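Notes to accompany the following structure.
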Amino acid sequence: MTELLRQKKAHELFKRYKGNPIITPENWPYPANAVFNPAAVKLNIETLLLIRVEDMRGFSHLTVARSTDGFTNWQIDPEPTLEADQSSREERWGLEDPRIVWLEEQKQFGITYTSFSEGGPVISLAITKNFKTFARLGALLPPEDKDACLLPRRVRGRFALIHRPIVRGEAHMWISFSPDLKHWGDHRPLIKTRQAYWDCHRVGLACQPIETAQGWMIFYHGVRVTSAGAIYRLGLVLLNLEEPWKVLRRSDEWLLGPRATYERIGDVSGVVFPTGAVVHKETNQLNLYYGAADCTVAVATANLSDVIDYIMSCPEVNE
Ligand code: BMA
């Protein structure tokens, strides 16, 4: 495939839902400044979103919304579902940007989210069966860390966490390992920013990892800081299934960037920030849920086989 053909294909993979944005502060059951960056998961026949809600103090909490078709008729919890424990120094200033995986071994969902601690953002883990009661397992690694998700199963006997620490002002993605979801080590750099590219300033995990026969499909957001502010766009890499610290392929181009008005204008303009994916096995449709301009929730859809074909046509990475 020629370079230009692949770029065309990349930009046609995802189709924005016509009814976007699907959830806004205006149709929220209680006062909210912004509702965005949702985790997504399929629960029985429903799509469940765990949405970041920013209140009028500028603090965030997480609230569940459910829909049968994943696009319309959202049933939103009338009150916050998971709130910061303000007496705890680890989550003093709110909870942000969750990701969810089904942990087959635990028979529970694992939710990773950013807690705003007194010492900066940290990654915390909670587990739940029903999105009503949650066991909080606390902060996993020291600050400053964001954009994390577990792999849904052990690889070579260990759990794995993809996350994004900030070190010396640099924001690359890392992968760490644990025997028990509590003690983390064997930290390795995974996906780095790329000089001169659209993802030159920061990268961070987007939605939860998707397991395919070809490898772990890892969507990520890439940031370029321009004279008018930062632009957040979506990229894709493929990781080796049993050695997920090895990147097999990486998209040169972004797959989704701010184009629609609701992505271009908001509290933070020029942001598409995907945090949740649902794959419908019967149709092979991938629904990607994202925060638009740090204000609303939107969704774009793709065919998973097309996404796999596309990433297999991307350059191999030999690092
Ligand atoms: C990131 C996170 C996200 C936010 C994005 C764009 O650093 O804080 O919550 O959506 O910036 O503002």
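Letters A, B, ... mark the chains of the structure tokens in the order given; residue numbers begin at 1 per chain; ligand numbers begin at 1, in order shown.
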DSSP strand (DSSP E) residues within segment 125-248 of chain A, as a PyMOL selection string: chain A and resi 125-128+135-139+145-150+159-167+170-171+173-178+185-191+202-205+210-212+215-226+229-239+247-248
What lies within 7 Å of Thr68 of chain A using only C-alpha atoms, ignoring chain neighbours under 6 positions off, as a compact mmCIF listing (two decimals) with all heavy atoms, in the first residue's frame?
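So part_27.txt came out as:
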```txt
# COMPACT_ATOMS: atom_id res chain seq x y z
N ILE A 45 -26.65 -7.10 28.25
CA ILE A 45 -26.95 -6.61 26.89
C ILE A 45 -26.71 -5.11 26.78
O ILE A 45 -26.94 -4.51 25.73
CB ILE A 45 -28.41 -6.94 26.49
CG1 ILE A 45 -29.37 -6.33 27.51
CG2 ILE A 45 -28.62 -8.43 26.34
CD1 ILE A 45 -30.74 -6.03 26.92
N GLU A 46 -26.24 -4.49 27.86
CA GLU A 46 -26.12 -3.04 27.84
C GLU A 46 -24.68 -2.58 27.60
O GLU A 46 -23.73 -3.29 27.91
CB GLU A 46 -26.57 -2.46 29.18
CG GLU A 46 -28.04 -2.60 29.42
CD GLU A 46 -28.44 -2.00 30.77
OE1 GLU A 46 -27.66 -2.13 31.74
OE2 GLU A 46 -29.52 -1.41 30.82
N THR A 47 -24.57 -1.35 27.08
CA THR A 47 -23.28 -0.67 27.10
C THR A 47 -23.27 0.20 28.34
O THR A 47 -24.21 0.96 28.58
CB THR A 47 -23.12 0.21 25.85
OG1 THR A 47 -23.06 -0.65 24.72
CG2 THR A 47 -21.86 1.05 25.91
```
All residues having an atom within 10 Å of ligand 1 (only C-alpha atoms and all ligand atoms) as an NGL selection string: :A and (36-37 or 52 or 60 or 96-98 or 114 or 121 or 146-147 or 202-204 or 221 or 223 or 230-232 or 266-275 or 290-295)
Neighbour list for segment 3-15 of chain A as a short mmCIF file (atom, residue, chain, number, x, y, z; two decimals) with all heavy atoms, in the first residue's frame, cut-off 10 Å, only C-alpha atoms, skip fewer than 6 positions in-chain:
```
data_model
loop_
_atom_site.label_atom_id
_atom_site.label_comp_id
_atom_site.auth_asym_id
_atom_site.auth_seq_id
_atom_site.Cartn_x
_atom_site.Cartn_y
_atom_site.Cartn_z
N GLY A 235 -3.93 7.59 17.92
CA GLY A 235 -3.02 6.72 17.18
C GLY A 235 -3.23 5.27 17.58
O GLY A 235 -4.04 4.95 18.46
N SER A 251 1.09 3.16 13.89
CA SER A 251 0.56 4.00 12.81
C SER A 251 1.40 5.27 12.69
O SER A 251 1.75 5.88 13.69
CB SER A 251 -0.90 4.37 13.08
OG SER A 251 -1.01 5.15 14.25
N ASP A 252 1.75 5.62 11.45
CA ASP A 252 2.46 6.89 11.22
C ASP A 252 1.51 8.05 11.40
O ASP A 252 1.88 9.11 11.87
CB ASP A 252 2.99 6.93 9.78
CG ASP A 252 4.42 6.44 9.69
OD1 ASP A 252 5.05 6.29 10.75
OD2 ASP A 252 4.89 6.22 8.55
N GLU A 253 0.26 7.83 10.96
CA GLU A 253 -0.71 8.92 10.93
C GLU A 253 -1.72 8.75 12.05
O GLU A 253 -1.85 7.66 12.60
CB GLU A 253 -1.45 8.95 9.59
CG GLU A 253 -2.01 7.62 9.12
CD GLU A 253 -0.99 6.74 8.40
OE1 GLU A 253 -0.21 7.28 7.63
OE2 GLU A 253 -0.97 5.53 8.63
N TRP A 254 -2.45 9.81 12.37
CA TRP A 254 -3.51 9.67 13.35
C TRP A 254 -4.77 9.15 12.69
O TRP A 254 -4.94 9.27 11.47
CB TRP A 254 -3.75 10.99 14.08
CG TRP A 254 -4.35 12.10 13.28
CD1 TRP A 254 -5.68 12.32 13.03
CD2 TRP A 254 -3.64 13.16 12.63
NE1 TRP A 254 -5.83 13.45 12.28
CE2 TRP A 254 -4.62 13.99 12.02
CE3 TRP A 254 -2.30 13.51 12.51
CZ2 TRP A 254 -4.27 15.14 11.31
CZ3 TRP A 254 -1.96 14.65 11.80
CH2 TRP A 254 -2.94 15.44 11.21
N LEU A 255 -5.66 8.54 13.48
CA LEU A 255 -6.89 7.93 12.95
C LEU A 255 -8.10 8.82 13.16
O LEU A 255 -9.11 8.66 12.48
CB LEU A 255 -7.15 6.59 13.64
CG LEU A 255 -6.00 5.59 13.69
CD1 LEU A 255 -6.45 4.29 14.30
CD2 LEU A 255 -5.47 5.36 12.30
N LEU A 256 -8.02 9.67 14.17
CA LEU A 256 -9.16 10.55 14.48
C LEU A 256 -8.57 11.79 15.14
O LEU A 256 -7.77 11.67 16.07
CB LEU A 256 -10.10 9.82 15.46
CG LEU A 256 -11.48 10.42 15.70
CD1 LEU A 256 -12.36 10.26 14.46
CD2 LEU A 256 -12.15 9.72 16.89
N GLY A 257 -8.97 12.94 14.65
CA GLY A 257 -8.50 14.20 15.25
C GLY A 257 -9.66 15.17 15.30
O GLY A 257 -10.71 14.93 14.70
N LEU A 286 -16.68 -1.96 16.32
CA LEU A 286 -15.97 -1.37 17.46
C LEU A 286 -16.55 0.03 17.70
O LEU A 286 -16.53 0.87 16.80
CB LEU A 286 -14.49 -1.28 17.11
CG LEU A 286 -13.58 -0.38 17.95
CD1 LEU A 286 -13.46 -0.89 19.37
CD2 LEU A 286 -12.19 -0.29 17.31
N ASN A 287 -17.10 0.22 18.90
CA ASN A 287 -17.57 1.56 19.28
C ASN A 287 -16.52 2.19 20.17
O ASN A 287 -16.18 1.64 21.22
CB ASN A 287 -18.89 1.49 20.08
CG ASN A 287 -20.05 1.04 19.22
OD1 ASN A 287 -19.91 0.87 18.01
ND2 ASN A 287 -21.20 0.84 19.85
N LEU A 288 -16.03 3.32 19.74
CA LEU A 288 -14.99 4.01 20.52
C LEU A 288 -15.61 5.27 21.14
O LEU A 288 -16.09 6.16 20.43
CB LEU A 288 -13.85 4.38 19.58
CG LEU A 288 -12.56 4.83 20.22
CD1 LEU A 288 -11.91 3.68 20.99
CD2 LEU A 288 -11.60 5.34 19.15
N VAL A 299 -19.08 9.36 20.22
CA VAL A 299 -18.72 7.99 19.85
C VAL A 299 -18.43 7.93 18.35
O VAL A 299 -19.07 8.64 17.56
CB VAL A 299 -19.83 6.99 20.28
CG1 VAL A 299 -21.18 7.33 19.68
CG2 VAL A 299 -19.45 5.55 19.96
N ALA A 300 -17.45 7.12 17.99
CA ALA A 300 -17.14 6.85 16.58
C ALA A 300 -17.07 5.33 16.42
O ALA A 300 -16.69 4.62 17.36
CB ALA A 300 -15.83 7.50 16.19
N THR A 301 -17.43 4.84 15.24
CA THR A 301 -17.47 3.39 15.05
C THR A 301 -16.53 2.97 13.92
O THR A 301 -16.26 3.74 12.99
CB THR A 301 -18.90 2.91 14.69
OG1 THR A 301 -19.28 3.54 13.46
CG2 THR A 301 -19.90 3.29 15.77
N ALA A 302 -16.04 1.73 14.03
CA ALA A 302 -15.19 1.16 12.98
C ALA A 302 -15.46 -0.33 12.93
O ALA A 302 -16.02 -0.91 13.86
CB ALA A 302 -13.72 1.42 13.28
N ASN A 303 -15.04 -0.95 11.84
CA ASN A 303 -15.09 -2.40 11.75
C ASN A 303 -13.74 -2.92 12.25
O ASN A 303 -12.68 -2.51 11.76
CB ASN A 303 -15.34 -2.80 10.30
CG ASN A 303 -15.39 -4.30 10.15
OD1 ASN A 303 -14.36 -4.97 10.23
ND2 ASN A 303 -16.58 -4.83 9.97
N LEU A 304 -13.79 -3.83 13.24
CA LEU A 304 -12.54 -4.27 13.87
C LEU A 304 -11.59 -4.92 12.86
O LEU A 304 -10.37 -4.72 12.92
CB LEU A 304 -12.85 -5.23 15.04
CG LEU A 304 -11.67 -5.67 15.87
CD1 LEU A 304 -10.93 -4.49 16.50
CD2 LEU A 304 -12.12 -6.64 16.97
N ASP A 306 -11.23 -4.18 9.73
CA ASP A 306 -10.59 -3.11 8.96
C ASP A 306 -9.46 -2.47 9.77
O ASP A 306 -8.41 -2.11 9.22
CB ASP A 306 -11.59 -2.00 8.60
CG ASP A 306 -12.65 -2.47 7.62
OD1 ASP A 306 -12.45 -3.54 7.00
OD2 ASP A 306 -13.68 -1.78 7.48
N VAL A 307 -9.70 -2.34 11.09
CA VAL A 307 -8.67 -1.74 11.94
C VAL A 307 -7.45 -2.66 12.00
O VAL A 307 -6.30 -2.21 11.92
CB VAL A 307 -9.22 -1.44 13.36
CG1 VAL A 307 -8.14 -0.83 14.23
CG2 VAL A 307 -10.42 -0.51 13.30
N TYR A 310 -5.61 -2.47 8.76
CA TYR A 310 -4.87 -1.21 8.68
C TYR A 310 -3.57 -1.28 9.48
O TYR A 310 -2.50 -0.95 8.97
CB TYR A 310 -5.75 -0.05 9.19
CG TYR A 310 -4.94 1.16 9.54
CD1 TYR A 310 -4.41 1.96 8.54
CD2 TYR A 310 -4.65 1.46 10.87
CE1 TYR A 310 -3.60 3.05 8.85
CE2 TYR A 310 -3.85 2.54 11.19
CZ TYR A 310 -3.33 3.33 10.18
OH TYR A 310 -2.53 4.39 10.50
N ILE A 311 -3.65 -1.75 10.74
CA ILE A 311 -2.43 -1.74 11.56
C ILE A 311 -1.39 -2.72 10.99
O ILE A 311 -0.19 -2.46 11.05
CB ILE A 311 -2.71 -1.99 13.07
CG1 ILE A 311 -1.48 -1.70 13.94
CG2 ILE A 311 -3.24 -3.37 13.37
CD1 ILE A 311 -1.02 -0.29 13.98
N SER A 313 -0.86 -3.05 7.96
CA SER A 313 -0.23 -2.37 6.82
C SER A 313 0.71 -1.25 7.28
O SER A 313 1.35 -0.59 6.46
CB SER A 313 -1.31 -1.79 5.89
OG SER A 313 -1.88 -0.63 6.48
N CYS A 314 0.77 -1.02 8.59
CA CYS A 314 1.62 0.05 9.14
C CYS A 314 3.06 -0.44 9.30
O CYS A 314 3.30 -1.64 9.40
CB CYS A 314 1.07 0.52 10.48
SG CYS A 314 -0.47 1.44 10.31
#
```
10 Å contact set for Ala135 of chain A, only C-alpha atoms, chain neighbours under 2 positions out, as an NGL selection string: :A and (110 or 125-129 or 133 or 137-138)
Selection: 12 Å around Arg249 of chain A, only C-alpha atoms, excl. self and same-chain fewer than 2 positions, as a count of residues only: 29
Close residues, segment 71-80 of chain A itself excluded, 9 Å, only C-alpha atoms, min 6 positions apart in chain, as a list of chain:residue names: A:Tyr17, A:Gly19, A:Asn20, A:Ile22, A:Ile23, A:Trp28, A:Pro29, A:Tyr30, A:Thr47, A:Val53, A:His61, A:Leu62, A:Thr63, A:Val64, A:Ala65, A:Val299
Contacts of Thr24 of chain A within 10 Å, only C-alpha atoms, excl. fewer than 6 positions in-chain, as number ranges by chain: A: 32-36, 295-298
A:Leu50, A:Val225, A:Ala160, A:Leu248 ranked by distance to Ser176 of chain A, top pick (using only C-alpha atoms): A:Ala160
For atom CA of Glu104 of chain A and atom CA of Lys281 of chain A, the interatomic separation in Å (one decimal):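 Between atom CA of Glu104 of chain A and atom CA of Lys281 of chain A the gap is 17.5 Å.
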Separation of atom CA of Pro152 of chain A from atom CA of Lys182 of chain A in Å: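 Rounded to one decimal, the two atoms are 15.3 Å apart.
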Two-atom distance - atom CA of Arg92 of chain A, atom CA of Cys149 of chain A (Å):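 Taking atom CA of Arg92 of chain A as the start and atom CA of Cys149 of chain A as the end point, the length is 21.3 Å.
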